[in-house]
file entry.txt (compact mmCIF, C-alpha atoms)
# COMPACT_ATOMS: atom_id res chain seq x y z
CA MET A 127 36.05 1.93 42.92
CA ALA A 128 36.03 -1.69 41.76
CA THR A 129 32.70 -3.51 41.39
CA THR A 130 32.02 -7.12 42.31
CA TYR A 131 30.78 -9.31 39.44
CA ALA A 132 29.23 -12.78 39.66
CA TYR A 133 30.29 -14.99 36.77
CA LYS A 134 29.66 -18.41 35.26
CA VAL A 135 32.30 -19.97 33.00
CA ARG A 136 33.17 -23.28 31.39
CA ASP A 137 36.59 -24.77 31.98
CA ARG A 138 38.57 -26.74 29.40
CA ALA A 139 36.69 -29.92 30.35
CA GLY A 140 33.34 -28.23 29.64
CA LYS A 141 32.32 -28.03 33.32
CA VAL A 142 30.40 -24.95 34.51
CA VAL A 143 32.23 -22.99 37.25
CA SER A 144 30.76 -20.07 39.22
CA GLY A 145 32.46 -17.37 41.26
CA THR A 146 32.96 -13.63 41.81
CA LEU A 147 35.63 -11.13 40.76
CA GLU A 148 36.25 -7.45 41.45
CA ALA A 149 36.95 -5.30 38.41
CA ASP A 150 36.20 -1.92 36.86
CA SER A 151 33.83 -3.35 34.23
CA ALA A 152 32.25 -6.58 32.92
CA THR A 153 34.63 -6.39 29.93
CA ALA A 154 37.61 -6.44 32.27
CA VAL A 155 36.17 -9.50 34.02
CA ALA A 156 35.72 -11.29 30.69
CA THR A 157 39.31 -10.48 29.67
CA LYS A 158 40.65 -11.75 32.98
CA LEU A 159 38.62 -15.00 32.77
CA LYS A 160 39.73 -15.67 29.19
CA GLY A 161 43.32 -15.14 30.29
CA MET A 162 42.75 -17.84 32.92
CA GLY A 163 41.63 -20.26 30.19
CA TYR A 164 37.88 -20.09 30.85
CA ALA A 165 35.00 -19.55 28.38
CA PRO A 166 32.59 -16.97 29.94
CA VAL A 167 28.91 -17.95 29.99
CA SER A 168 27.44 -15.02 31.95
CA ILE A 169 28.80 -12.02 33.87
CA ASP A 170 26.43 -10.03 36.09
CA GLU A 171 26.96 -7.29 38.63
CA ALA A 172 26.45 -8.70 42.13
CA ASN A 173 24.25 -6.68 44.49
CA LYS A 174 24.89 -6.10 48.17
CA GLY A 175 22.84 -9.09 49.17
CA GLY A 176 24.97 -11.38 47.09
CA LEU A 177 22.18 -12.05 44.59
CA SER A 178 22.50 -11.47 40.88
CA THR A 179 20.67 -8.37 39.65
CA ASP A 180 19.53 -10.31 36.60
CA LEU A 181 16.70 -12.32 38.12
CA LYS A 182 14.34 -14.22 35.83
CA ILE A 183 11.11 -16.04 36.61
CA PRO A 184 11.01 -19.43 34.87
CA GLY A 185 8.58 -19.44 31.96
CA MET A 186 8.20 -15.65 32.01
CA GLY A 187 9.69 -13.27 29.48
CA ALA A 188 10.98 -16.00 27.17
CA LYS A 189 11.06 -14.50 23.69
CA LYS A 190 10.03 -16.77 20.85
CA VAL A 191 12.54 -17.31 18.06
CA LYS A 192 10.85 -16.41 14.76
CA LEU A 193 11.75 -17.41 11.20
CA LYS A 194 12.97 -13.86 10.59
CA ASP A 195 15.49 -14.24 13.43
CA LEU A 196 16.74 -17.52 11.96
CA ALA A 197 17.01 -15.99 8.47
CA ILE A 198 19.14 -13.10 9.76
CA MET A 199 21.27 -15.47 11.84
CA ALA A 200 21.86 -17.85 8.89
CA ARG A 201 22.88 -15.04 6.53
CA GLN A 202 25.27 -13.51 9.05
CA PHE A 203 26.65 -16.96 9.84
CA ALA A 204 27.32 -17.64 6.14
CA THR A 205 29.09 -14.27 5.74
CA MET A 206 31.38 -14.88 8.72
CA ILE A 207 32.27 -18.45 7.71
CA ASN A 208 32.93 -17.33 4.15
CA SER A 209 35.20 -14.59 5.53
CA GLY A 210 37.42 -17.17 7.21
CA LEU A 211 36.19 -16.89 10.82
CA SER A 212 36.28 -20.08 12.86
CA LEU A 213 33.00 -21.78 13.75
CA LEU A 214 33.38 -20.99 17.46
CA ARG A 215 34.22 -17.35 16.82
CA ALA A 216 31.25 -16.97 14.47
CA LEU A 217 28.86 -18.53 17.00
CA ASN A 218 30.22 -16.30 19.73
CA ILE A 219 29.65 -13.15 17.63
CA LEU A 220 26.15 -14.29 16.66
CA ALA A 221 25.22 -14.88 20.31
CA GLU A 222 26.47 -11.42 21.27
CA GLN A 223 24.85 -9.38 18.49
CA THR A 224 21.42 -11.02 18.06
CA ASP A 225 18.49 -8.95 19.35
CA ASN A 226 16.52 -12.04 20.41
CA SER A 227 17.50 -12.99 23.96
CA GLU A 228 16.25 -16.58 23.61
CA LEU A 229 18.24 -17.12 20.41
CA ALA A 230 21.33 -15.60 22.06
CA ARG A 231 20.98 -18.03 24.97
CA VAL A 232 20.57 -21.04 22.67
CA LEU A 233 23.49 -20.00 20.46
CA GLY A 234 25.64 -19.81 23.58
CA GLU A 235 24.72 -23.42 24.39
CA VAL A 236 25.38 -24.43 20.76
CA ARG A 237 28.81 -22.83 20.95
CA ASN A 238 29.62 -24.75 24.12
CA ASP A 239 28.52 -28.03 22.50
CA VAL A 240 30.65 -27.36 19.42
CA GLU A 241 33.60 -26.44 21.64
CA THR A 242 33.38 -29.82 23.37
CA GLY A 243 33.61 -31.63 20.02
CA ASN A 244 29.99 -31.99 18.85
CA ALA A 245 29.02 -31.30 15.24
CA LEU A 246 27.09 -28.09 14.57
CA SER A 247 24.07 -30.02 13.27
CA SER A 248 24.04 -32.18 16.42
CA ALA A 249 24.17 -29.05 18.57
CA PHE A 250 21.26 -27.56 16.60
CA ALA A 251 19.28 -30.81 16.97
CA LYS A 252 19.33 -30.44 20.78
CA HIS A 253 17.05 -27.39 20.42
CA PRO A 254 14.10 -28.54 18.24
CA LYS A 255 11.89 -25.64 19.37
CA VAL A 256 14.39 -23.16 17.92
CA PHE A 257 16.02 -24.92 14.96
CA PRO A 258 13.53 -26.75 12.64
CA PRO A 259 14.42 -30.19 11.21
CA LEU A 260 14.90 -28.60 7.77
CA MET A 261 17.70 -26.39 9.13
CA VAL A 262 19.30 -29.23 11.10
CA ASN A 263 19.42 -31.60 8.12
CA MET A 264 20.65 -28.96 5.69
CA THR A 265 23.40 -28.02 8.15
CA LYS A 266 24.38 -31.69 8.41
CA ALA A 267 24.56 -31.97 4.61
CA GLY A 268 26.70 -28.81 4.46
CA GLU A 269 29.08 -30.19 7.10
CA VAL A 270 29.49 -33.49 5.25
CA GLY A 271 29.93 -31.83 1.85
CA GLY A 272 32.17 -29.02 3.09
CA PHE A 273 29.93 -26.17 1.88
CA LEU A 274 28.37 -24.97 5.14
CA ASP A 275 28.48 -21.30 4.07
CA SER A 276 26.47 -22.05 0.90
CA VAL A 277 23.93 -24.04 2.91
CA MET A 278 23.48 -21.16 5.37
CA VAL A 279 22.79 -18.80 2.45
CA GLN A 280 20.17 -21.24 1.13
CA ILE A 281 18.57 -21.48 4.58
CA ALA A 282 18.48 -17.68 4.83
CA GLU A 283 16.89 -17.33 1.37
CA ASN A 284 14.35 -20.05 2.19
CA TYR A 285 13.25 -18.46 5.45
CA GLU A 286 13.24 -14.94 3.97
CA SER A 287 10.88 -16.16 1.24
CA GLU A 288 8.69 -17.84 3.85
CA VAL A 289 8.57 -14.66 5.96
CA LYS A 290 7.65 -12.65 2.86
CA LEU A 291 4.90 -15.13 1.98
CA ARG A 292 3.44 -15.00 5.49
CA GLY A 293 3.57 -11.20 5.42
CA LYS A 294 1.53 -11.07 2.21
CA VAL A 295 -1.14 -13.38 3.61
CA LYS A 296 -1.26 -11.54 6.94
CA ALA A 297 -1.60 -8.18 5.15
CA ALA A 298 -4.49 -9.51 3.06
CA MET A 299 -6.33 -10.93 6.07
CA THR A 300 -5.81 -8.01 8.47
CA TYR A 301 -8.41 -5.67 6.97
CA PRO A 302 -11.39 -8.07 6.85
CA VAL A 303 -10.61 -9.43 10.31
CA VAL A 304 -10.39 -5.93 11.83
CA VAL A 305 -13.61 -4.80 10.13
CA PHE A 306 -15.43 -7.96 11.24
CA ILE A 307 -14.30 -7.52 14.86
CA LEU A 308 -15.36 -3.85 14.82
CA ALA A 309 -18.76 -4.81 13.42
CA ILE A 310 -19.29 -7.40 16.16
CA LEU A 311 -18.18 -4.96 18.89
CA MET A 312 -20.46 -2.25 17.52
CA CYS A 313 -23.42 -4.63 17.52
CA PHE A 314 -22.65 -5.68 21.09
CA VAL A 315 -22.49 -2.05 22.22
CA MET A 316 -25.84 -1.26 20.58
CA LEU A 317 -27.54 -4.37 21.96
CA ILE A 318 -26.25 -3.90 25.52
CA PHE A 319 -26.41 -0.10 25.97
CA ILE A 320 -28.61 1.50 23.29
CA VAL A 321 -31.44 -0.99 22.67
CA PRO A 322 -32.48 -1.13 26.39
CA VAL A 323 -33.01 2.67 26.36
CA PHE A 324 -35.31 2.40 23.34
CA ALA A 325 -37.02 -0.69 24.85
CA LYS A 326 -37.98 1.30 27.95
CA MET A 327 -39.34 4.09 25.78
CA PHE A 328 -41.34 1.61 23.66
CA LYS A 329 -42.78 0.02 26.82
CA ASP A 330 -44.05 3.43 27.98
CA LEU A 331 -45.82 3.88 24.63
CA GLY A 332 -47.86 0.75 25.31
CA SER A 333 -48.43 -0.12 21.66
CA THR A 334 -47.59 -3.40 19.95
CA LEU A 335 -44.04 -3.34 18.56
CA PRO A 336 -43.19 -4.45 15.00
CA ALA A 337 -41.73 -7.96 14.68
CA PRO A 338 -38.15 -6.79 13.86
CA THR A 339 -38.13 -4.54 16.94
CA ARG A 340 -39.46 -7.32 19.21
CA LEU A 341 -36.73 -9.63 17.92
CA LEU A 342 -34.06 -6.99 18.57
CA VAL A 343 -35.30 -6.36 22.13
CA PHE A 344 -35.43 -10.12 22.81
CA VAL A 345 -31.81 -10.58 21.61
CA SER A 346 -30.72 -7.59 23.72
CA ASN A 347 -32.36 -9.03 26.88
CA GLN A 348 -30.85 -12.47 26.31
CA LEU A 349 -27.40 -11.02 25.62
CA ARG A 350 -27.42 -8.92 28.80
CA LEU A 351 -28.54 -11.96 30.77
CA PHE A 352 -25.97 -14.41 29.39
CA LEU A 353 -23.10 -11.99 28.67
CA PRO A 354 -20.84 -13.29 31.52
CA VAL A 355 -21.37 -16.88 30.34
CA LEU A 356 -20.66 -15.86 26.74
CA VAL A 357 -17.42 -14.07 27.68
CA ILE A 358 -16.20 -17.03 29.75
CA GLY A 359 -17.14 -19.42 26.94
CA MET A 360 -15.23 -17.35 24.36
CA ILE A 361 -12.11 -17.27 26.56
CA ALA A 362 -12.34 -21.02 27.25
CA GLY A 363 -12.87 -21.70 23.55
CA ALA A 364 -9.84 -19.61 22.60
CA VAL A 365 -7.65 -21.43 25.14
CA ALA A 366 -8.93 -24.85 24.04
CA TRP A 367 -8.34 -23.98 20.36
CA LYS A 368 -4.79 -22.83 21.08
CA ARG A 369 -4.03 -26.12 22.81
CA THR A 370 -5.69 -28.45 20.30
CA LYS A 371 -5.29 -26.75 16.90
CA HIS A 372 -2.08 -28.65 16.14
CA THR A 373 -3.36 -32.07 17.22
CA ASP A 374 -4.00 -34.71 14.54
CA ARG A 375 -7.67 -35.03 15.46
CA VAL A 376 -8.34 -31.33 14.82
CA ARG A 377 -6.10 -30.98 11.77
CA ASN A 378 -7.71 -34.01 10.09
CA VAL A 379 -10.98 -32.07 10.11
CA VAL A 380 -9.82 -28.46 9.67
CA ASP A 381 -7.15 -28.84 6.96
CA PRO A 382 -9.34 -30.62 4.36
CA PHE A 383 -12.10 -28.09 5.07
CA LYS A 384 -9.68 -25.18 4.47
CA LEU A 385 -8.94 -26.44 0.96
CA LYS A 386 -12.68 -26.64 0.15
CA VAL A 387 -13.62 -23.15 1.37
CA PRO A 388 -14.85 -20.99 -1.55
CA VAL A 389 -12.27 -18.44 -2.76
CA PHE A 390 -9.91 -18.96 0.19
CA GLY A 391 -9.44 -22.70 -0.48
CA LYS A 392 -7.35 -22.01 -3.60
CA LEU A 393 -5.24 -19.53 -1.64
CA PHE A 394 -4.48 -22.08 1.10
CA GLN A 395 -3.57 -24.66 -1.56
CA LYS A 396 -1.17 -22.27 -3.31
CA ILE A 397 0.53 -21.39 -0.03
CA ALA A 398 1.03 -25.07 0.82
CA LEU A 399 2.34 -25.88 -2.68
CA SER A 400 4.77 -22.96 -2.50
CA ARG A 401 6.16 -24.22 0.81
CA PHE A 402 6.41 -27.79 -0.51
CA ALA A 403 8.32 -26.79 -3.65
CA ARG A 404 10.63 -24.31 -1.92
CA ASN A 405 11.55 -26.56 1.00
CA LEU A 406 12.06 -29.67 -1.14
CA GLY A 407 14.07 -27.73 -3.71
CA THR A 408 16.25 -26.14 -1.03
CA MET A 409 17.00 -29.47 0.66
CA MET A 410 17.76 -31.28 -2.59
CA LYS A 411 20.05 -28.43 -3.65
CA SER A 412 21.88 -28.84 -0.34
CA GLY A 413 22.44 -32.55 -0.94
CA VAL A 414 19.95 -33.97 1.58
CA PRO A 415 18.79 -37.48 0.43
CA ILE A 416 15.40 -37.47 -1.33
CA LEU A 417 13.63 -39.80 1.12
CA GLN A 418 14.83 -37.79 4.10
CA SER A 419 13.86 -34.55 2.33
CA LEU A 420 10.32 -35.80 1.67
CA ASP A 421 9.96 -36.89 5.28
CA ILE A 422 10.89 -33.42 6.55
CA VAL A 423 8.97 -31.48 3.88
CA ALA A 424 5.76 -33.37 4.72
CA ASP A 425 5.74 -31.65 8.12
CA THR A 426 6.42 -28.15 6.75
CA THR A 427 3.57 -27.67 4.25
CA GLY A 428 1.12 -26.58 6.94
CA ASN A 429 -1.67 -28.81 5.62
CA VAL A 430 -2.33 -32.44 6.52
CA VAL A 431 -3.78 -33.23 3.07
CA LEU A 432 -0.49 -32.39 1.35
CA ALA A 433 1.43 -34.12 4.15
CA ARG A 434 -0.45 -37.38 3.52
CA ALA A 435 0.13 -37.12 -0.23
CA ILE A 436 3.87 -36.54 0.31
CA ARG A 437 4.05 -39.57 2.65
CA ASP A 438 2.44 -41.71 -0.06
CA VAL A 439 4.90 -40.38 -2.63
CA GLN A 440 7.74 -41.13 -0.22
CA GLU A 441 6.67 -44.78 -0.01
CA SER A 442 6.43 -44.98 -3.81
CA VAL A 443 9.92 -43.49 -4.22
CA ARG A 444 11.22 -45.95 -1.63
CA THR A 445 10.11 -48.80 -3.93
CA GLY A 446 11.98 -47.29 -6.89
CA GLU A 447 9.36 -45.16 -8.66
CA ALA A 448 10.07 -41.68 -10.03
CA LEU A 449 9.08 -38.73 -7.85
CA ALA A 450 6.64 -37.04 -10.23
CA LYS A 451 4.62 -40.11 -11.27
CA PRO A 452 2.98 -40.86 -7.85
CA LEU A 453 1.90 -37.20 -7.56
CA GLU A 454 -0.66 -37.74 -10.34
CA ALA A 455 -2.78 -39.84 -7.96
CA HIS A 456 -3.28 -36.86 -5.62
CA PRO A 457 -5.64 -34.10 -6.86
CA VAL A 458 -4.07 -31.59 -4.45
CA PHE A 459 -1.08 -31.41 -6.84
CA PRO A 460 -2.11 -29.59 -10.06
CA PRO A 461 -1.04 -31.10 -13.41
CA MET A 462 1.37 -28.20 -13.97
CA VAL A 463 3.35 -29.11 -10.83
CA VAL A 464 3.49 -32.78 -11.83
CA GLN A 465 4.63 -32.01 -15.37
CA MET A 466 7.28 -29.49 -14.31
CA MET A 467 8.70 -31.94 -11.76
CA ALA A 468 8.73 -34.71 -14.39
CA VAL A 469 10.71 -32.45 -16.74
CA GLY A 470 13.08 -31.60 -13.86
CA GLU A 471 13.70 -35.29 -13.21
CA ASP A 472 14.31 -36.02 -16.90
CA THR A 473 16.81 -33.15 -17.25
CA GLY A 474 18.53 -33.71 -13.90
CA ALA A 475 17.55 -30.25 -12.65
CA LEU A 476 14.72 -31.10 -10.25
CA ASP A 477 15.93 -28.68 -7.57
CA THR A 478 15.94 -25.77 -10.06
CA MET A 479 12.48 -26.73 -11.34
CA LEU A 480 11.12 -26.88 -7.78
CA MET A 481 12.41 -23.38 -7.08
CA LYS A 482 10.66 -22.15 -10.25
CA ILE A 483 7.42 -23.77 -9.03
CA ALA A 484 7.85 -22.00 -5.67
CA GLU A 485 8.41 -18.64 -7.40
CA PHE A 486 5.32 -19.20 -9.57
CA TYR A 487 3.09 -19.91 -6.57
CA ASP A 488 4.58 -17.02 -4.59
CA GLN A 489 3.44 -14.74 -7.43
CA GLU A 490 0.06 -16.51 -7.51
CA VAL A 491 -0.37 -15.97 -3.76
CA GLU A 492 0.49 -12.28 -4.14
CA ALA A 493 -1.97 -11.84 -7.02
CA THR A 494 -4.70 -13.77 -5.19
CA THR A 495 -4.29 -11.81 -1.95
CA GLU A 496 -4.45 -8.49 -3.85
CA SER A 497 -7.63 -9.52 -5.68
CA LEU A 498 -9.15 -10.82 -2.43
CA THR A 499 -8.39 -7.54 -0.68
CA ALA A 500 -10.02 -5.60 -3.50
CA LEU A 501 -13.07 -7.90 -3.34
CA ILE A 502 -13.40 -8.10 0.44
CA GLU A 503 -13.23 -4.35 1.17
CA PRO A 504 -16.60 -3.43 -0.41
CA LEU A 505 -18.18 -6.66 0.87
CA MET A 506 -17.12 -5.94 4.46
CA ILE A 507 -18.32 -2.34 4.21
CA ALA A 508 -21.68 -3.59 2.90
CA PHE A 509 -21.81 -6.20 5.70
CA LEU A 510 -21.04 -3.62 8.38
CA GLY A 511 -23.52 -1.09 6.97
CA GLY A 512 -26.22 -3.72 6.54
CA MET A 513 -25.87 -5.06 10.08
CA VAL A 514 -25.84 -1.68 11.82
CA GLY A 515 -28.40 -0.20 9.43
CA SER A 516 -30.91 -3.02 10.02
CA MET A 517 -30.64 -2.54 13.79
CA ILE A 518 -31.24 1.21 13.48
CA VAL A 519 -34.26 0.64 11.21
CA ALA A 520 -35.68 -1.88 13.71
CA LEU A 521 -35.29 0.68 16.50
CA TYR A 522 -36.98 3.50 14.61
CA MET A 523 -39.91 1.51 13.16
CA PRO A 524 -42.08 1.97 16.31
CA ILE A 525 -41.41 5.72 16.21
CA PHE A 526 -42.56 5.90 12.59
CA LYS A 527 -45.67 3.92 13.63
CA VAL A 528 -46.47 6.51 16.33
CA PHE A 529 -46.14 9.33 13.79
CA ASP A 530 -48.57 7.50 11.50
CA LEU A 531 -51.11 7.19 14.36
CA ILE A 532 -50.79 10.92 15.14
CA LYS A 533 -51.54 11.77 11.50
call {"tool": "encode", "arguments": {"input": "entry.txt", "output": "structure tokens"}}
result
Amino acid sequence: MATTYAYKVRDRAGKVVSGTLEADSATAVATKLKGMGYAPVSIDEANKGGLSTDLKIPGMGAKKVKLKDLAIMARQFATMINSGLSLLRALNILAEQTDNSELARVLGEVRNDVETGNALSSAFAKHPKVFPPLMVNMTKAGEVGGFLDSVMVQIAENYESEVKLRGKVKAAMTYPVVVFILAILMCFVMLIFIVPVFAKMFKDLGSTLPAPTRLLVFVSNQLRLFLPVLVIGMIAGAVAWKRTKHTDRVRNVVDPFKLKVPVFGKLFQKIALSRFARNLGTMMKSGVPILQSLDIVADTTGNVVLARAIRDVQESVRTGEALAKPLEAHPVFPPMVVQMMAVGEDTGALDTMLMKIAEFYDQEVEATTESLTALIEPLMIAFLGGMVGSMIVALYMPIFKVFDLIK
């Protein structure tokens, strides 16, 4: 028995047309629509009430497009273009086989834009939340130079390196964060549920409690009293931080502080320098103009201190200075980076030198995260043991005092 399908298609003029067709399968509907000269956008089985079974609530279930998704897409795109597939055919295949529903939807819109005569880079630029400026500008350079497949490979390698870098940092930070959260939760449980039991027992004894025990009982009473306010404040603080952490006012305070934090400050600097060198090297290798590359790279370092330095360098380059020379005025760029970039400019291989700088700092980040993990593990264990142990000692001090009185 044939099934009724609701469809949306684009005609040759690019206009969206909706309707229904009866067929044995969605594939048969797609074949029939293509034979009629339409480009299918969506085909869904219609239910008895005439409503599509694929109902979506706006703003709900939208899957974020991650760098890993873009890296996979770019590498597959490069392979298909290099194999001789047309741009439209490649985009159509990418939209069908990607696991990310949001990326599939956006690629479908990109395909429709390209089909109506827009450039691929222009179609990407219409979706800034999915395709970063770096990818848009590199795609534009590849279109102009006629080496789009090579550019896509470079984009894929760039994002794969970035994903790997983030993974290393996340792996290093996971253990201390988990241990710290467990320590806080354990202290909360003891203060809310265990200390009150001991407090009642101490009250029945009627003797004067030691100072550490009195302090512990006081904190327990205050925490039980203000716990609802504390929970609400933590939730409100988390929401406020999520909304304001990317604003200029917050970043102007937080980013400089991150670079000055003992031990971790050097790690944050190395991560930012690695991103700067890799992104600038990738864009220059793709043929993006230097001033435009600096403008884009300034927003990708992840730290406002480096972004300001890059903006200053951009203005110096605009007036005719060499790229490496203005970097000397900014302490955030180590002398090694400045010297290597100067050599790259002198030899005409700045893009290659930048990639070597990125590789060096990737290795530095890996070595630093491994040493930090080795250092933090015993420190966190000592912190957890010290915090819980001091609370237990404070609870048992009155009991030891009673034993002394009995003797």
call {"tool": "residues_around", "arguments": {"input": "entry.txt", "residues": "A:Ser412", "least_positions_apart": "4", "cutoff": "7 Å", "atoms": "all atoms listed in the file", "output": "JSON, numbers by chain"}}
result
{"A": [264, 267, 268, 277, 408]}
call {"tool": "residues_around", "arguments": {"input": "entry.txt", "residues": "A:Leu480", "least_positions_apart": "6", "cutoff": "9 Å", "atoms": "only C-alpha atoms", "output": "list in words"}}
result
Phe402, Ala403, Arg404, Asn405, Leu406, Gly407, Thr408, Val463, Met466, Met467 and Gly470 of chain A
call {"tool": "closest_residue", "arguments": {"input": "entry.txt", "among": "A:Arg237, A:Ala154, A:Thr494, A:Phe526", "to": "A:Phe328", "atoms": "all atoms listed in the file"}}
result
A:Phe526
call {"tool": "residues_near_point", "arguments": {"input": "entry.txt", "point": "(-41.4, -8.9, 15.5)", "cutoff": "12 Å", "atoms": "all atoms listed in the file", "output": "list in words"}}
result
Thr334, Leu335, Pro336, Ala337, Pro338, Thr339, Arg340, Leu341, Leu342, Val343, Phe344, Val345, Ala520, Leu521, Met523 and Pro524 of chain A
call {"tool": "closest_atom_pairs", "arguments": {"input": "entry.txt", "of": "stretch 263-354 of chain A", "to": "stretch 202-212 of chain A", "cutoff": "6 Å", "atoms": "only C-alpha atoms", "output": "tab-separated table"}}
result
residue	atom	partner	partner_atom	distance
A:Asp275	CA	A:Ala204	CA	4.4
A:Met278	CA	A:Ala204	CA	5.3
A:Val279	CA	A:Ala204	CA	6.0
call {"tool": "residues_around", "arguments": {"input": "entry.txt", "residues": "stretch 435-438 of chain A", "least_positions_apart": "5", "cutoff": "8 Å", "atoms": "all atoms listed in the file", "output": "list in words"}}
result
Leu420, Asp421, Ala424, Pro452, Leu453 and His456 of chain A
call {"tool": "write_last_selection", "arguments": {"input": "entry.txt", "atoms": "C-alpha atoms", "output": "PDB file, in the coordinates of the input"}}
result
ATOM      1  CA  LEU A 420      10.320 -35.800   1.670  1.00  0.00           C
ATOM      2  CA  ASP A 421       9.960 -36.890   5.280  1.00  0.00           C
ATOM      3  CA  ALA A 424       5.760 -33.370   4.720  1.00  0.00           C
ATOM      4  CA  PRO A 452       2.980 -40.860  -7.850  1.00  0.00           C
ATOM      5  CA  LEU A 453       1.900 -37.200  -7.560  1.00  0.00           C
ATOM      6  CA  HIS A 456      -3.280 -36.860  -5.620  1.00  0.00           C
TER       7      HIS A 456
END
call {"tool": "residues_around", "arguments": {"input": "entry.txt", "residues": "stretch 490-493 of chain A", "least_positions_apart": "4", "cutoff": "12 Å", "atoms": "all atoms listed in the file", "output": "PDB file with C-alpha atoms, in the frame of the given file"}}
result
ATOM      1  CA  GLU A 288       8.690 -17.840   3.850  1.00  0.00           C
ATOM      2  CA  LYS A 290       7.650 -12.650   2.860  1.00  0.00           C
ATOM      3  CA  LEU A 291       4.900 -15.130   1.980  1.00  0.00           C
ATOM      4  CA  ARG A 292       3.440 -15.000   5.490  1.00  0.00           C
ATOM      5  CA  GLY A 293       3.570 -11.200   5.420  1.00  0.00           C
ATOM      6  CA  LYS A 294       1.530 -11.070   2.210  1.00  0.00           C
ATOM      7  CA  VAL A 295      -1.140 -13.380   3.610  1.00  0.00           C
ATOM      8  CA  LYS A 296      -1.260 -11.540   6.940  1.00  0.00           C
ATOM      9  CA  ALA A 297      -1.600  -8.180   5.150  1.00  0.00           C
ATOM     10  CA  ALA A 298      -4.490  -9.510   3.060  1.00  0.00           C
ATOM     11  CA  PHE A 390      -9.910 -18.960   0.190  1.00  0.00           C
ATOM     12  CA  GLY A 391      -9.440 -22.700  -0.480  1.00  0.00           C
ATOM     13  CA  LYS A 392      -7.350 -22.010  -3.600  1.00  0.00           C
ATOM     14  CA  LEU A 393      -5.240 -19.530  -1.640  1.00  0.00           C
ATOM     15  CA  PHE A 394      -4.480 -22.080   1.100  1.00  0.00           C
ATOM     16  CA  GLN A 395      -3.570 -24.660  -1.560  1.00  0.00           C
ATOM     17  CA  LYS A 396      -1.170 -22.270  -3.310  1.00  0.00           C
ATOM     18  CA  ILE A 397       0.530 -21.390  -0.030  1.00  0.00           C
ATOM     19  CA  ALA A 398       1.030 -25.070   0.820  1.00  0.00           C
ATOM     20  CA  LEU A 399       2.340 -25.880  -2.680  1.00  0.00           C
ATOM     21  CA  SER A 400       4.770 -22.960  -2.500  1.00  0.00           C
ATOM     22  CA  ARG A 401       6.160 -24.220   0.810  1.00  0.00           C
ATOM     23  CA  ILE A 483       7.420 -23.770  -9.030  1.00  0.00           C
ATOM     24  CA  ALA A 484       7.850 -22.000  -5.670  1.00  0.00           C
ATOM     25  CA  GLU A 485       8.410 -18.640  -7.400  1.00  0.00           C
ATOM     26  CA  PHE A 486       5.320 -19.200  -9.570  1.00  0.00           C
ATOM     27  CA  SER A 497      -7.630  -9.520  -5.680  1.00  0.00           C
ATOM     28  CA  LEU A 498      -9.150 -10.820  -2.430  1.00  0.00           C
ATOM     29  CA  THR A 499      -8.390  -7.540  -0.680  1.00  0.00           C
ATOM     30  CA  ALA A 500     -10.020  -5.600  -3.500  1.00  0.00           C
TER      31      ALA A 500
END
call {"tool": "closest_residue", "arguments": {"input": "entry.txt", "among": "A:Lys194, A:Lys266, A:Lys329, A:Arg350", "to": "A:Val414", "atoms": "all atoms listed in the file"}}
result
A:Lys266
call {"tool": "residues_around", "arguments": {"input": "entry.txt", "residues": "A:Ala455", "least_positions_apart": "4", "cutoff": "12 Å", "atoms": "only C-alpha atoms", "output": "list in words"}}
result
Arg434, Ala435, Ile436, Asp438, Val439, Ser442, Leu449, Ala450, Lys451, Phe459, Pro460, Pro461 and Val464 of chain A
call {"tool": "atom_distance", "arguments": {"input": "entry.txt", "atom1": "atom CA of A:Leu196", "atom2": "atom CA of A:Tyr285"}}
result
7.4 Å
call {"tool": "atom_distance", "arguments": {"input": "entry.txt", "atom1": "atom CA of A:Ala200", "atom2": "atom CA of A:Ala282"}}
result
5.3 Å
call {"tool": "closest_residue", "arguments": {"input": "entry.txt", "among": "A:His372, A:Lys158, A:Pro259, A:Thr445", "to": "A:Gln418", "atoms": "all atoms listed in the file"}}
result
A:Pro259
call {"tool": "atom_distance", "arguments": {"input": "entry.txt", "atom1": "atom CA of A:Ile318", "atom2": "atom CA of A:Leu349"}}
result
7.2 Å
call {"tool": "closest_residue", "arguments": {"input": "entry.txt", "among": "A:Gly428, A:Ala468, A:Thr300, A:Met261", "to": "A:Glu447", "atoms": "only C-alpha atoms"}}
result
A:Ala468
call {"tool": "closest_residue", "arguments": {"input": "entry.txt", "among": "A:Thr153, A:Asn429, A:Ser346, A:Glu503", "to": "A:Val321", "atoms": "all atoms listed in the file"}}
result
A:Ser346
call {"tool": "closest_residue", "arguments": {"input": "entry.txt", "among": "A:Ile361, A:Asp488, A:Asn263, A:Lys252", "to": "A:Pro415", "atoms": "only C-alpha atoms"}}
result
A:Asn263
